[in-house]
>>> print(open('input.csv').read())   # CSV, C-alpha atoms and all ligand atoms
chain,number,residue,atom,x,y,z
A,1,MET,CA,-15.7,-13.0,53.0
A,2,ALA,CA,-15.1,-14.5,49.5
A,3,ARG,CA,-11.5,-14.2,48.4
A,4,GLY,CA,-12.2,-12.1,45.3
A,5,ARG,CA,-12.8,-8.8,47.1
A,6,ARG,CA,-9.9,-8.9,49.5
A,7,LEU,CA,-7.4,-7.7,46.9
A,8,ARG,CA,-9.7,-4.9,45.7
A,9,GLY,CA,-10.1,-3.0,48.9
A,10,THR,CA,-7.9,0.1,48.2
A,11,ALA,CA,-6.5,1.7,45.1
A,12,ALA,CA,-3.0,0.8,46.3
A,13,LEU,CA,-3.9,-2.9,46.6
A,14,ARG,CA,-5.5,-2.8,43.1
A,15,ARG,CA,-2.4,-1.2,41.7
A,16,LEU,CA,-0.1,-3.8,43.4
A,17,VAL,CA,-2.0,-6.7,41.8
A,18,ALA,CA,-2.8,-5.2,38.4
A,19,GLN,CA,-1.8,-7.6,35.7
A,20,THR,CA,-1.8,-5.1,32.8
A,21,ARG,CA,0.2,-1.9,33.0
A,22,LEU,CA,0.3,0.8,30.4
A,23,ALA,CA,3.5,2.7,29.6
A,24,PRO,CA,3.9,5.6,27.2
A,25,ALA,CA,6.5,3.6,25.3
A,26,ASP,CA,3.9,1.0,24.3
A,27,LEU,CA,1.8,3.6,22.4
A,28,ILE,CA,2.1,4.7,18.8
A,29,LEU,CA,0.6,8.0,17.6
A,30,PRO,CA,-0.8,8.2,14.0
A,31,LEU,CA,-0.2,11.7,12.4
A,32,PHE,CA,-1.6,13.1,9.1
A,33,VAL,CA,0.4,15.6,7.0
A,34,LYS,CA,-1.3,17.3,4.0
A,35,GLU,CA,0.4,19.0,1.2
A,36,GLY,CA,-0.3,22.7,0.4
A,37,ILE,CA,-1.9,23.9,3.6
A,38,ASP,CA,-0.4,26.6,5.9
A,39,GLU,CA,-1.9,25.5,9.2
A,40,ALA,CA,-3.4,22.5,10.7
A,41,ALA,CA,-7.0,21.6,9.5
A,42,PRO,CA,-9.2,19.9,12.1
A,43,VAL,CA,-10.8,16.6,11.2
A,44,ALA,CA,-14.5,17.1,12.0
A,45,SER,CA,-15.2,13.4,12.8
A,46,MET,CA,-12.1,13.1,15.0
A,47,PRO,CA,-12.1,15.8,17.6
A,48,GLY,CA,-8.6,16.8,18.5
A,49,VAL,CA,-7.0,15.2,15.4
A,50,ALA,CA,-5.8,17.4,12.5
A,51,GLN,CA,-4.5,17.2,9.0
A,52,HIS,CA,-1.1,18.9,9.7
A,53,SER,CA,0.9,21.3,7.6
A,54,LEU,CA,4.5,20.5,7.5
A,55,GLU,CA,5.2,23.0,10.3
A,56,SER,CA,2.4,21.9,12.6
A,57,LEU,CA,3.4,18.3,12.0
A,58,ARG,CA,6.9,19.0,13.3
A,59,LYS,CA,5.5,20.6,16.4
A,60,ALA,CA,3.0,17.8,17.1
A,61,ALA,CA,5.6,15.2,16.5
A,62,ASN,CA,8.0,16.9,18.9
A,63,GLU,CA,5.4,17.2,21.6
A,64,ALA,CA,4.4,13.6,21.2
A,65,VAL,CA,8.0,12.4,21.5
A,66,ALA,CA,8.5,14.6,24.6
A,67,SER,CA,5.4,12.9,26.1
A,68,GLY,CA,7.3,9.6,25.8
A,69,VAL,CA,5.2,7.8,23.1
A,70,GLY,CA,7.0,4.8,21.6
A,71,GLY,CA,6.6,5.8,18.0
A,72,LEU,CA,4.9,7.9,15.3
A,73,LEU,CA,2.9,6.5,12.4
A,74,LEU,CA,2.8,8.9,9.4
A,75,PHE,CA,0.2,9.2,6.7
A,76,GLY,CA,0.6,11.6,3.8
A,77,ILE,CA,-2.1,13.4,1.8
A,78,PRO,CA,-0.9,14.8,-1.5
A,79,ALA,CA,-2.3,17.8,-3.2
A,80,VAL,CA,-2.7,15.9,-6.5
A,81,LYS,CA,-3.7,12.2,-6.8
A,82,ASP,CA,-3.5,10.0,-9.8
A,83,GLY,CA,-4.1,6.5,-11.0
A,84,SER,CA,-0.8,5.1,-9.8
A,85,GLY,CA,-0.5,7.1,-6.6
A,86,SER,CA,2.8,8.6,-7.9
A,87,GLN,CA,3.1,11.0,-4.9
A,88,ALA,CA,3.7,8.1,-2.6
A,89,ASP,CA,7.2,7.5,-3.8
A,90,ALA,CA,8.0,10.9,-5.4
A,91,GLU,CA,11.1,12.4,-3.7
A,92,GLN,CA,9.2,15.7,-3.3
A,93,GLY,CA,5.9,13.9,-2.3
A,94,ILE,CA,4.5,15.2,0.9
A,95,VAL,CA,5.0,12.0,2.9
A,96,ASN,CA,8.7,11.8,1.9
A,97,VAL,CA,9.3,15.5,2.5
A,98,ALA,CA,7.7,15.1,6.0
A,99,LEU,CA,9.7,12.0,6.8
A,100,ARG,CA,13.0,13.8,6.0
A,101,ALA,CA,11.9,16.8,8.2
A,102,LEU,CA,10.9,14.6,11.1
A,103,ARG,CA,14.0,12.4,10.9
A,104,SER,CA,16.2,15.5,10.8
A,105,ASP,CA,14.3,17.0,13.8
A,106,LEU,CA,14.1,13.9,15.9
A,107,GLY,CA,16.9,11.6,14.7
A,108,ASP,CA,16.7,8.3,16.4
A,109,SER,CA,15.0,9.6,19.5
A,110,THR,CA,11.7,8.0,18.3
A,111,VAL,CA,10.6,5.3,15.9
A,112,LEU,CA,9.3,6.9,12.7
A,113,ILE,CA,6.9,4.5,11.0
A,114,ALA,CA,5.6,5.2,7.5
A,115,ASP,CA,2.2,3.8,6.6
A,116,LEU,CA,2.7,2.1,3.2
A,117,CYS,CA,-0.4,2.1,1.1
A,118,LEU,CA,-1.8,3.7,-2.0
A,119,CYS,CA,-5.3,4.8,-1.0
A,120,GLU,CA,-4.3,8.2,0.1
A,121,TYR,CA,-2.4,8.8,-3.1
A,122,THR,CA,-4.7,7.3,-5.8
A,123,ASP,CA,-7.5,9.3,-7.5
A,124,HIS,CA,-9.8,6.3,-7.2
A,125,GLY,CA,-9.0,5.7,-3.5
A,126,HIS,CA,-8.2,2.0,-3.8
A,127,CYS,CA,-5.2,0.6,-2.0
A,128,GLY,CA,-3.6,-0.5,-5.3
A,129,VAL,CA,-3.5,0.2,-9.0
A,130,LEU,CA,-6.4,-0.9,-11.1
A,131,ARG,CA,-6.7,-3.2,-14.1
A,132,GLY,CA,-8.9,-2.0,-16.9
A,133,ASP,CA,-11.9,-3.8,-15.4
A,134,ALA,CA,-11.5,-1.7,-12.2
A,135,VAL,CA,-10.2,-4.7,-10.1
A,136,VAL,CA,-7.1,-4.0,-8.0
A,137,ASP,CA,-4.2,-5.6,-9.8
A,138,ASN,CA,-2.3,-7.5,-7.1
A,139,ASP,CA,1.1,-7.9,-8.7
A,140,GLU,CA,1.2,-4.5,-10.3
A,141,THR,CA,0.4,-3.1,-6.9
A,142,LEU,CA,3.3,-5.0,-5.4
A,143,ARG,CA,5.7,-3.2,-7.7
A,144,ARG,CA,4.4,0.1,-6.5
A,145,TYR,CA,4.7,-0.9,-2.8
A,146,ALA,CA,8.3,-2.0,-3.4
A,147,ALA,CA,9.2,1.4,-4.8
A,148,ILE,CA,7.3,3.2,-2.1
A,149,ALA,CA,9.1,1.2,0.7
A,150,VAL,CA,12.5,2.1,-0.8
A,151,ALA,CA,11.5,5.8,-1.1
A,152,GLN,CA,10.2,6.0,2.5
A,153,ALA,CA,13.3,4.3,3.9
A,154,ALA,CA,15.5,6.7,1.9
A,155,ALA,CA,13.5,9.6,3.3
A,156,GLY,CA,14.1,8.5,6.9
A,157,ALA,CA,11.4,6.1,7.9
A,158,HIS,CA,12.8,3.7,10.6
A,159,VAL,CA,10.0,1.2,9.9
A,160,VAL,CA,7.5,0.7,7.0
A,161,ALA,CA,4.0,-0.5,7.7
A,162,PRO,CA,2.2,-1.9,4.7
A,163,SER,CA,-1.6,-1.7,5.1
A,164,GLY,CA,-2.9,-2.6,1.7
A,165,MET,CA,-3.6,-6.3,2.2
A,166,MET,CA,-2.2,-7.4,-1.2
A,167,ASP,CA,-1.0,-11.0,-1.3
A,168,GLY,CA,2.8,-11.2,-1.2
A,169,GLN,CA,3.3,-7.6,-0.2
A,170,ILE,CA,5.7,-8.4,2.7
A,171,ALA,CA,8.0,-10.5,0.4
A,172,ALA,CA,7.9,-7.8,-2.3
A,173,ILE,CA,8.8,-5.1,0.2
A,174,ARG,CA,11.4,-7.0,2.1
A,175,GLY,CA,13.1,-7.9,-1.2
A,176,ALA,CA,13.0,-4.4,-2.4
A,177,LEU,CA,14.4,-3.0,0.9
A,178,ASP,CA,17.2,-5.6,0.9
A,179,SER,CA,18.2,-4.9,-2.7
A,180,ALA,CA,18.3,-1.2,-1.9
A,181,ASP,CA,20.7,-1.8,1.0
A,182,ARG,CA,18.0,-1.2,3.6
A,183,VAL,CA,18.3,-4.5,5.3
A,184,GLU,CA,18.0,-2.8,8.7
A,185,VAL,CA,14.5,-1.4,8.1
A,186,PRO,CA,11.9,-3.6,9.7
A,187,VAL,CA,8.5,-4.3,8.2
A,188,LEU,CA,5.5,-3.8,10.6
A,189,ALA,CA,2.8,-5.7,8.7
A,190,TYR,CA,-0.9,-4.9,9.0
A,191,ALA,CA,-1.3,-8.7,8.8
A,192,ALA,CA,-4.9,-9.1,10.0
A,193,LYS,CA,-6.7,-6.1,8.7
A,194,TYR,CA,-10.5,-6.3,8.4
A,195,ALA,CA,-12.9,-4.6,6.0
A,196,SER,CA,-14.3,-2.4,8.8
A,197,ALA,CA,-17.0,0.3,9.1
A,198,PHE,CA,-14.8,1.7,11.8
A,199,TYR,CA,-12.4,3.3,9.3
A,200,GLY,CA,-15.0,5.8,8.3
A,201,PRO,CA,-13.6,8.9,10.1
A,202,PHE,CA,-10.0,8.0,8.9
A,203,ARG,CA,-11.2,8.3,5.3
A,204,GLU,CA,-12.1,11.9,6.0
A,205,ALA,CA,-8.8,12.5,7.7
A,206,ALA,CA,-6.7,10.9,5.0
A,207,GLU,CA,-9.1,11.7,2.1
A,208,GLY,CA,-8.8,8.1,0.9
A,209,ALA,CA,-12.3,6.8,0.6
A,210,PRO,CA,-12.8,4.5,-2.4
A,211,GLN,CA,-14.6,6.3,-5.2
A,212,PHE,CA,-16.4,3.2,-6.2
A,213,GLY,CA,-16.9,-0.2,-4.6
A,214,ASP,CA,-15.3,-1.1,-1.3
A,215,ARG,CA,-12.3,-2.9,0.1
A,216,ALA,CA,-13.9,-6.2,0.8
A,217,GLY,CA,-12.0,-7.8,-2.1
A,218,TYR,CA,-8.7,-7.4,-0.2
A,219,GLN,CA,-9.4,-6.6,3.4
A,220,MET,CA,-10.6,-9.5,5.6
A,221,ASP,CA,-14.2,-10.5,6.3
A,222,PRO,CA,-15.2,-9.6,9.9
A,223,ALA,CA,-16.8,-13.1,10.2
A,224,ASN,CA,-13.4,-14.9,10.0
A,225,SER,CA,-10.9,-15.7,12.7
A,226,ASP,CA,-8.8,-18.7,11.3
A,227,GLU,CA,-8.1,-16.5,8.3
A,228,ALA,CA,-6.3,-14.0,10.5
A,229,LEU,CA,-3.9,-16.7,11.7
A,230,ARG,CA,-3.2,-17.7,8.0
A,231,GLU,CA,-2.6,-14.1,7.1
A,232,VAL,CA,-0.2,-13.6,10.0
A,233,ALA,CA,1.6,-16.9,9.3
A,234,GLN,CA,2.0,-15.9,5.7
A,235,ASP,CA,3.4,-12.4,6.6
A,236,LEU,CA,5.8,-13.9,9.0
A,237,ALA,CA,7.0,-16.4,6.4
A,238,GLU,CA,7.5,-13.5,4.0
A,239,GLY,CA,9.7,-11.7,6.5
A,240,ALA,CA,7.4,-9.5,8.7
A,241,ASP,CA,9.2,-8.3,11.8
A,242,ALA,CA,6.1,-7.4,13.8
A,243,ILE,CA,2.4,-7.4,13.0
A,244,ILE,CA,-0.8,-5.3,13.5
A,245,VAL,CA,-4.3,-6.5,14.1
A,246,LYS,CA,-6.8,-3.9,13.0
A,247,PRO,CA,-9.3,-2.7,14.2
A,248,ALA,CA,-8.7,-3.5,17.8
A,249,MET,CA,-11.8,-3.4,20.0
A,250,PRO,CA,-14.2,-5.4,17.9
A,251,TYR,CA,-11.4,-7.9,17.3
A,252,LEU,CA,-10.0,-8.5,20.7
A,253,ASP,CA,-10.4,-12.3,20.1
A,254,ILE,CA,-8.1,-11.9,17.1
A,255,VAL,CA,-5.6,-9.9,19.1
A,256,SER,CA,-5.6,-12.7,21.7
A,257,ARG,CA,-5.3,-15.6,19.3
A,258,VAL,CA,-2.6,-13.9,17.3
A,259,ALA,CA,-0.6,-12.9,20.4
A,260,ARG,CA,-0.7,-16.5,21.6
A,261,ALA,CA,0.3,-17.8,18.2
A,262,VAL,CA,3.4,-15.7,17.4
A,263,ASP,CA,6.6,-14.7,19.0
A,264,VAL,CA,7.0,-11.3,17.4
A,265,PRO,CA,5.6,-8.0,18.7
A,266,VAL,CA,1.9,-7.6,18.1
A,267,ALA,CA,0.2,-4.2,17.8
A,268,GLY,CA,-3.5,-3.5,18.1
A,269,TYR,CA,-4.7,-0.5,16.1
A,270,GLN,CA,-7.5,1.4,17.9
A,271,VAL,CA,-8.9,2.9,14.7
A,272,SER,CA,-10.6,6.2,13.9
A,273,GLY,CA,-14.2,4.8,14.4
A,274,GLU,CA,-13.3,3.5,17.9
A,275,PHE,CA,-11.9,6.9,18.7
A,276,ALA,CA,-14.9,8.8,17.3
A,277,MET,CA,-17.4,6.7,19.2
A,278,ILE,CA,-16.0,7.7,22.5
A,279,GLU,CA,-15.4,11.3,21.5
A,280,ALA,CA,-19.0,11.6,20.2
A,281,ALA,CA,-20.5,10.0,23.3
A,282,THR,CA,-18.4,12.3,25.4
A,283,GLU,CA,-19.8,15.4,23.5
A,284,ARG,CA,-23.3,14.2,24.4
A,285,GLY,CA,-22.3,13.7,28.1
A,286,TRP,CA,-23.0,10.0,27.8
A,287,ILE,CA,-19.7,8.6,28.8
A,288,ASP,CA,-16.7,9.3,31.1
A,289,ARG,CA,-14.1,10.0,28.4
A,290,ASP,CA,-10.9,9.6,30.4
A,291,ARG,CA,-12.0,6.3,32.0
A,292,ALA,CA,-13.2,5.0,28.7
A,293,ILE,CA,-9.9,5.8,27.0
A,294,LEU,CA,-7.9,4.1,29.7
A,295,GLU,CA,-10.3,1.1,29.8
A,296,THR,CA,-10.2,0.4,26.1
A,297,ILE,CA,-6.5,0.7,25.8
A,298,THR,CA,-6.0,-1.5,28.8
A,299,GLY,CA,-8.4,-4.0,27.2
A,300,ILE,CA,-6.3,-4.1,24.0
A,301,ARG,CA,-3.1,-4.7,26.0
A,302,ARG,CA,-4.8,-7.3,28.3
A,303,ALA,CA,-5.9,-9.2,25.2
A,304,GLY,CA,-2.3,-9.6,24.3
A,305,ALA,CA,-1.2,-6.6,22.3
A,306,ASP,CA,2.3,-5.4,23.2
A,307,ILE,CA,1.8,-2.1,21.4
A,308,VAL,CA,-1.3,0.0,20.9
A,309,ILE,CA,-1.7,2.4,18.0
A,310,THR,CA,-4.1,5.1,19.1
A,311,TYR,CA,-5.0,8.7,18.3
A,312,TRP,CA,-4.9,9.3,22.1
A,313,ALA,CA,-1.3,8.2,22.4
A,314,ALA,CA,0.3,11.5,23.3
A,315,GLU,CA,-2.6,12.5,25.6
A,316,LEU,CA,-2.6,9.2,27.4
A,317,ALA,CA,1.2,9.3,27.7
A,318,ARG,CA,1.1,12.6,29.4
A,319,ARG,CA,-1.6,11.3,31.8
A,320,LEU,CA,0.5,8.2,32.6
A,321,ASN,CA,3.5,10.5,33.3
A,322,SER,CA,1.6,12.8,35.7
A,401,LIG,C1,-5.1,2.4,4.6
A,401,LIG,C2,-5.4,2.6,6.0
A,401,LIG,C3,-6.6,2.8,6.6
A,401,LIG,C4,-6.4,3.0,7.9
A,401,LIG,C5,-5.1,2.9,8.1
A,401,LIG,N1,-4.5,2.7,6.9
A,401,LIG,C6,-8.0,2.9,5.9
A,401,LIG,C7,-8.6,1.9,5.2
A,401,LIG,O1,-8.1,0.8,5.0
A,401,LIG,O2,-9.7,2.2,4.7
A,401,LIG,C8,-7.5,3.2,8.9
A,401,LIG,C9,-7.1,3.8,10.2
A,401,LIG,C10,-8.2,4.3,11.0
A,401,LIG,O3,-9.4,4.1,10.7
A,401,LIG,O4,-7.9,4.9,12.1
A,401,LIG,N2,-4.0,3.1,4.2
>>> encode(input="input.csv", output="structure tokens", more="lines below")
Ligand code: PBG
Amino acid sequence: MARGRRLRGTAALRRLVAQTRLAPADLILPLFVKEGIDEAAPVASMPGVAQHSLESLRKAANEAVASGVGGLLLFGIPAVKDGSGSQADAEQGIVNVALRALRSDLGDSTVLIADLCLCEYTDHGHCGVLRGDAVVDNDETLRRYAAIAVAQAAAGAHVVAPSGMMDGQIAAIRGALDSADRVEVPVLAYAAKYASAFYGPFREAAEGAPQFGDRAGYQMDPANSDEALREVAQDLAEGADAIIVKPAMPYLDIVSRVARAVDVPVAGYQVSGEFAMIEAATERGWIDRDRAILETITGIRRAGADIVITYWAAELARRLNS
């Protein structure tokens, strides 16, 4: 008999020789909180995911932490949006209210990560502020990111995660945090973030679709790989403590290259479209949902990600515990 099959004979043998193991602590759960709603509102394109009210957010966060997930990634959806995304750093802005509530409920028992971007907060849906000619103004946006980072840290975020793909954003944010005496707050940089069709369902969840144009002027071109290494190197040089590759499944080669190239933690973000594909195929009876979830997340870890950001984090954590 050829050697390959001898170690696959029983489930116990396969378990013994498995090279990739999943643990709840490696998983981060994204959560959405919306201002001005009394109960959780389901997101149609993401079965099982909701826009939370402040109360339902607290409950979901508590349950997720009890399941053992390693961290929570929070997105805020304000009732009123404007050109500069003022609710992102307003003290009474929903994301900052929610961060204070979660930090007071959970203390340091989990890692509270604040997504740091403007697209959920601007009326035009772009990730930065616009110049007159409707182009995203890089450096004006950096000033907004700096203020948001300080506000989120003050509200209780353990970590800030800038996702807007502006040039120089990590340096701007690191500088602002340091000047505000928040030297201990790490920056988890969405360093290699592609302009992806797989963000579609998220834009319903976060109500942040661009009202005109697209994000191809700042997010990366799916055709490129070397550029990811340049973006990652730039973010590390600017002070990033850990980095994200996003999306994950169509970019496992990038996860793998980046993981080999750096010595900081690497997270793969299994985005909304990756989630929705499997849920939709499940609804049609076309795929074995639980196996597909396990297989995709194992694949992201096997490619080299230390951490996986996934909407199935709490569910999978509970499965891994049982
Ligand atoms: C931007 C942001 C996006 C996602 C996370 N942060 C959307 C975008 O860039 O259009 C996508 C996450 C997902 O699809 O699950 N703040």
>>> atom_distance(input="input.csv", atom1="atom CA of A:Leu7", atom2="atom CA of A:Arg302")
18.8 Å
>>> residues_near_ligand(input="input.csv", ligand="ligand LIG 401 (chain A)", cutoff="9 Å", atoms="all atoms listed in the file", output="JSON, numbers by chain")
{"A": [30, 75, 115, 116, 117, 118, 119, 120, 125, 126, 127, 162, 163, 164, 165, 190, 193, 194, 195, 196, 197, 198, 199, 200, 201, 202, 203, 205, 206, 208, 209, 210, 214, 215, 219, 246, 247, 269, 270, 271, 272, 273, 274, 275, 309, 310, 311]}
>>> closest_residue(input="input.csv", among="A:Gly304, A:Gly76, A:Pro47, A:Gly36", to="A:Pro265", atoms="all atoms listed in the file")
A:Gly304
>>> closest_residue(input="input.csv", among="A:Leu188, A:Leu320, A:Leu16, A:Met220", to="A:Ala267", atoms="only C-alpha atoms")
A:Leu188
>>> closest_residue(input="input.csv", among="A:Phe32, A:Ala276, A:Leu57, A:Asp306", to="A:Val264", atoms="only C-alpha atoms")
A:Asp306
>>> atom_distance(input="input.csv", atom1="atom CA of A:Val308", atom2="atom CA of A:Ile243")
11.4 Å
>>> atom_distance(input="input.csv", atom1="atom CA of A:Gly213", atom2="atom CA of A:Gly85")
18.1 Å
>>> closest_residue(input="input.csv", among="A:Asn62, A:Gln152, A:Thr110, A:Ser84", to="A:Val97", atoms="only C-alpha atoms")
A:Gln152
>>> residues_around(input="input.csv", residues="A:Ile278", least_positions_apart="5", cutoff="12 Å", atoms="all atoms listed in the file", output="list in words")
Ser45, Met46, Pro47, Gln270, Val271, Ser272, Gly273, Glu283, Arg284, Gly285, Trp286, Ile287, Asp288, Arg289, Asp290, Arg291, Ala292, Ile293, Leu294, Glu295, Thr296, Tyr311 and Trp312 of chain A
>>> closest_residue(input="input.csv", among="A:Arg257, A:Arg3, A:Arg174, A:Arg103", to="A:Ala305", atoms="only C-alpha atoms")
A:Arg257
